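Visitor: Dropping a structure here in structure tokens format, bear with me for questions.
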Amino acid sequence: MDEHDERGTTMTGVDPDRLDDQQLMKELETIHRTRHDTLLYGSNDALRAHNDRMAQLEGEYLRRNPRRFVSPGRTREGARERAAGANGGRAAPEGASAGTPVGKWGPGTTGGPGGA
């Protein structure tokens, strides 16, 4: 039987709490690698199943690693400090950094996906 068994529209797999640490990390790496394609090209059912499985795996990782290292730059406070430093002490507009155009496709882009 495959590690992931698809029955109908429900993705099943090994219960995350039954995976050893190495297997859990492999599963997390795989699901994060396939996320973008699932979002862009998967059916609503596939995306829902992907969301459910990702939540199960991430939840198990967080349960096992409650005191994991959190980079200061990956917090709201760290982001505010970066924005203030890059903007001469003033906070940049939400979603933007100093001197970076904000276009339809987000900060730093004006010409759409792949555009500059």
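Labels for the structure tokens follow display order: chains A, B, ..., residues from 1 in each chain, ligands from 1.
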Just list as a ChimeraX atom specification whatever in region 31-96 of chain A DSSP marks as helix (DSSP H, G or I).

Guide: /A:31-41,44-64,72-74,76-86

Visitor: Quick one: residues within 12 Å of Leu57 (chain A), only C-alpha atoms, excluding same-chain residues fewer than 4 positions away - as a list in words?

Guide: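 Those residues are Thr12, Gly13, Val14, Asp15, Pro16, Asp17, Arg18, Leu19, Asp20, Asp21, Gln23, Leu24, Met25, Lys26, Glu27, Leu28, Glu29, Thr30, Ile31, His32, His50, Asn51, Asp52, Arg53, Tyr61, Leu62, Arg63 and Arg64 of chain A.
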
Visitor: Which polymer residues have any atom within 10 Å of an atom of Thr38 (chain A), counting only C-alpha atoms, with same-chain residues fewer than 3 positions away left out, as a PyMOL selection string?

Guide: chain A and resi 31+33-35+41-44+46-51

Visitor: Output N, CA, C and O atoms for every residue in that selection, as an mmCIF file, in the first residue's frame.

Guide:
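In the end it all went to out-v6.cif:
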```
data_model
loop_
_atom_site.group_PDB
_atom_site.id
_atom_site.type_symbol
_atom_site.label_atom_id
_atom_site.label_comp_id
_atom_site.auth_asym_id
_atom_site.auth_seq_id
_atom_site.Cartn_x
_atom_site.Cartn_y
_atom_site.Cartn_z
ATOM 1 N N ILE A 31 5.349 17.838 1.312
ATOM 2 C CA ILE A 31 4.076 18.558 1.203
ATOM 3 C C ILE A 31 4.303 20.046 0.933
ATOM 4 O O ILE A 31 3.566 20.670 0.182
ATOM 5 N N ARG A 33 6.879 21.220 -0.758
ATOM 6 C CA ARG A 33 7.369 21.290 -2.134
ATOM 7 C C ARG A 33 6.200 21.208 -3.125
ATOM 8 O O ARG A 33 6.223 21.849 -4.174
ATOM 9 N N THR A 34 5.164 20.438 -2.809
ATOM 10 C CA THR A 34 4.045 20.266 -3.732
ATOM 11 C C THR A 34 2.935 21.301 -3.534
ATOM 12 O O THR A 34 1.976 21.335 -4.294
ATOM 13 N N ARG A 35 3.075 22.141 -2.523
ATOM 14 C CA ARG A 35 2.021 23.099 -2.181
ATOM 15 C C ARG A 35 1.657 24.024 -3.333
ATOM 16 O O ARG A 35 0.489 24.227 -3.651
ATOM 17 N N TYR A 41 -2.990 24.347 -9.555
ATOM 18 C CA TYR A 41 -3.547 23.421 -10.539
ATOM 19 C C TYR A 41 -4.437 22.332 -9.968
ATOM 20 O O TYR A 41 -5.055 21.595 -10.733
ATOM 21 N N GLY A 42 -4.496 22.185 -8.668
ATOM 22 C CA GLY A 42 -5.297 21.116 -8.081
ATOM 23 C C GLY A 42 -6.768 21.489 -7.990
ATOM 24 O O GLY A 42 -7.140 22.659 -7.963
ATOM 25 N N SER A 43 -7.597 20.476 -7.929
ATOM 26 C CA SER A 43 -9.030 20.706 -7.736
ATOM 27 C C SER A 43 -9.263 21.241 -6.323
ATOM 28 O O SER A 43 -8.378 21.184 -5.467
ATOM 29 N N ASN A 44 -10.455 21.732 -6.089
ATOM 30 C CA ASN A 44 -10.793 22.195 -4.741
ATOM 31 C C ASN A 44 -10.671 21.060 -3.730
ATOM 32 O O ASN A 44 -10.210 21.269 -2.608
ATOM 33 N N ALA A 46 -8.644 18.458 -3.974
ATOM 34 C CA ALA A 46 -7.217 18.187 -3.773
ATOM 35 C C ALA A 46 -6.603 19.226 -2.844
ATOM 36 O O ALA A 46 -5.801 18.898 -1.970
ATOM 37 N N LEU A 47 -6.977 20.487 -3.019
ATOM 38 C CA LEU A 47 -6.453 21.546 -2.167
ATOM 39 C C LEU A 47 -6.935 21.364 -0.725
ATOM 40 O O LEU A 47 -6.159 21.522 0.218
ATOM 41 N N ARG A 48 -8.172 20.993 -0.562
ATOM 42 C CA ARG A 48 -8.712 20.756 0.782
ATOM 43 C C ARG A 48 -7.970 19.601 1.458
ATOM 44 O O ARG A 48 -7.575 19.695 2.624
ATOM 45 N N ALA A 49 -7.727 18.513 0.711
ATOM 46 C CA ALA A 49 -6.999 17.366 1.267
ATOM 47 C C ALA A 49 -5.564 17.766 1.597
ATOM 48 O O ALA A 49 -5.020 17.363 2.631
ATOM 49 N N HIS A 50 -4.956 18.566 0.737
ATOM 50 C CA HIS A 50 -3.587 19.031 0.971
ATOM 51 C C HIS A 50 -3.538 19.883 2.238
ATOM 52 O O HIS A 50 -2.636 19.730 3.068
ATOM 53 N N ASN A 51 -4.517 20.790 2.389
ATOM 54 C CA ASN A 51 -4.588 21.627 3.596
ATOM 55 C C ASN A 51 -4.705 20.765 4.853
ATOM 56 O O ASN A 51 -4.019 21.021 5.856
#
```
